[in-house]
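Trainee: For reference, the structure I am asking about is given below.
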Amino acid sequence: MLRHEDGVVYGFVFSCRNMGIYKDGSFISSGSALLSALERMRFQKERLFVTELWYVDWARDVYRVNGKEVSREEMEKPDGSEPEDAEWYTYDEADFRE
């Protein structure tokens, strides 16, 4: 991911298997078919901070919302919110020379 602040471009590498990014700074990551999380990004210059919003490990029956363990039933309750997808941009090497 590239981020621009005060005339500087910062690059961040994510090491999750799958990643969906939303406009509010949250993203879904997947470590396997049985492990998923929704986290939120916050930037400060070249630093990236990540906060866990929810986490699911179906294999070990571990469920968390806002850092607190919850039951599977609580985890599966819809909360009515659906984040809006972020806009994606395509760049090539020439874009960074200008």
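The chains in the structure tokens are called A, B, ... from first to last as shown; in each chain the residues are counted from 1, and the ligands are counted from 1 in the order shown.
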Show which residues sit within 6 Å of segment 56-61 of chain A, as a ChimeraX atom specification. Count only C-alpha atoms, and ignore same-chain residues fewer than 4 positions away.
Mentor: /A:34-36
Trainee: Using backbone DSSP assignments, extract all helix (DSSP H, G or I) residues from chain A; output them as JSON, numbers by chain.
Mentor: {"A": [72, 73, 74, 75, 76, 93, 94, 95, 96]}
Trainee: Just give me the gap between atom CA of Asp6 of chain A and atom CA of Phe43 of chain A in Å, one decimal is fine.
Mentor: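 Computing the Euclidean distance for atom CA of Asp6 of chain A and atom CA of Phe43 of chain A yields 12.9 Å.
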Trainee: With only C-alpha atoms as the atoms that count, which of A:Asp92, A:Glu39, A:Glu5, A:Glu73 lies nearest to Gly20 of chain A?
Mentor: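 Residue with the minimum atom-to-atom distance to Gly20 of chain A: A:Glu39.
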Trainee: Go through segment 31-92 of chain A and collect every residue that DSSP, computed from the backbone, puts in strand (DSSP E or B); the answer should be as a PyMOL selection string.
Mentor: chain A and resi 31-32+35-44+47-57+62-65+68-69+85
Trainee: Can I get the selection written as an mmCIF file, in the first residue's frame, with C-alpha atoms?
Mentor:
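Saved as result_0.cif:
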```
data_model
loop_
_atom_site.group_PDB
_atom_site.id
_atom_site.type_symbol
_atom_site.label_atom_id
_atom_site.label_comp_id
_atom_site.auth_asym_id
_atom_site.auth_seq_id
_atom_site.Cartn_x
_atom_site.Cartn_y
_atom_site.Cartn_z
ATOM 1 C CA GLY A 31 -4.557 -16.299 7.343
ATOM 2 C CA SER A 32 -6.363 -19.427 6.126
ATOM 3 C CA LEU A 35 -8.820 -17.655 10.261
ATOM 4 C CA SER A 36 -10.058 -14.111 9.523
ATOM 5 C CA ALA A 37 -9.918 -10.677 11.111
ATOM 6 C CA LEU A 38 -11.238 -7.174 10.588
ATOM 7 C CA GLU A 39 -8.667 -4.583 11.609
ATOM 8 C CA ARG A 40 -8.312 -0.810 11.273
ATOM 9 C CA MET A 41 -5.232 1.049 10.039
ATOM 10 C CA ARG A 42 -3.983 4.342 11.377
ATOM 11 C CA PHE A 43 -0.900 6.081 10.017
ATOM 12 C CA GLN A 44 1.600 8.444 11.521
ATOM 13 C CA ARG A 47 4.489 4.200 10.949
ATOM 14 C CA LEU A 48 1.417 2.015 10.645
ATOM 15 C CA PHE A 49 -0.734 1.131 13.640
ATOM 16 C CA VAL A 50 -3.300 -1.678 13.464
ATOM 17 C CA THR A 51 -6.225 -2.238 15.836
ATOM 18 C CA GLU A 52 -8.208 -5.477 15.832
ATOM 19 C CA LEU A 53 -11.972 -4.950 15.474
ATOM 20 C CA TRP A 54 -12.900 -8.618 15.304
ATOM 21 C CA TYR A 55 -11.096 -11.936 14.983
ATOM 22 C CA VAL A 56 -12.327 -15.456 14.152
ATOM 23 C CA ASP A 57 -10.443 -18.746 14.398
ATOM 24 C CA VAL A 62 -11.826 -18.397 19.235
ATOM 25 C CA TYR A 63 -13.947 -15.285 18.613
ATOM 26 C CA ARG A 64 -13.138 -11.707 19.633
ATOM 27 C CA VAL A 65 -14.865 -8.366 19.142
ATOM 28 C CA LYS A 68 -12.990 -9.177 24.117
ATOM 29 C CA GLU A 69 -13.699 -12.870 23.739
ATOM 30 C CA ASP A 85 -14.861 -0.502 -0.407
#
```
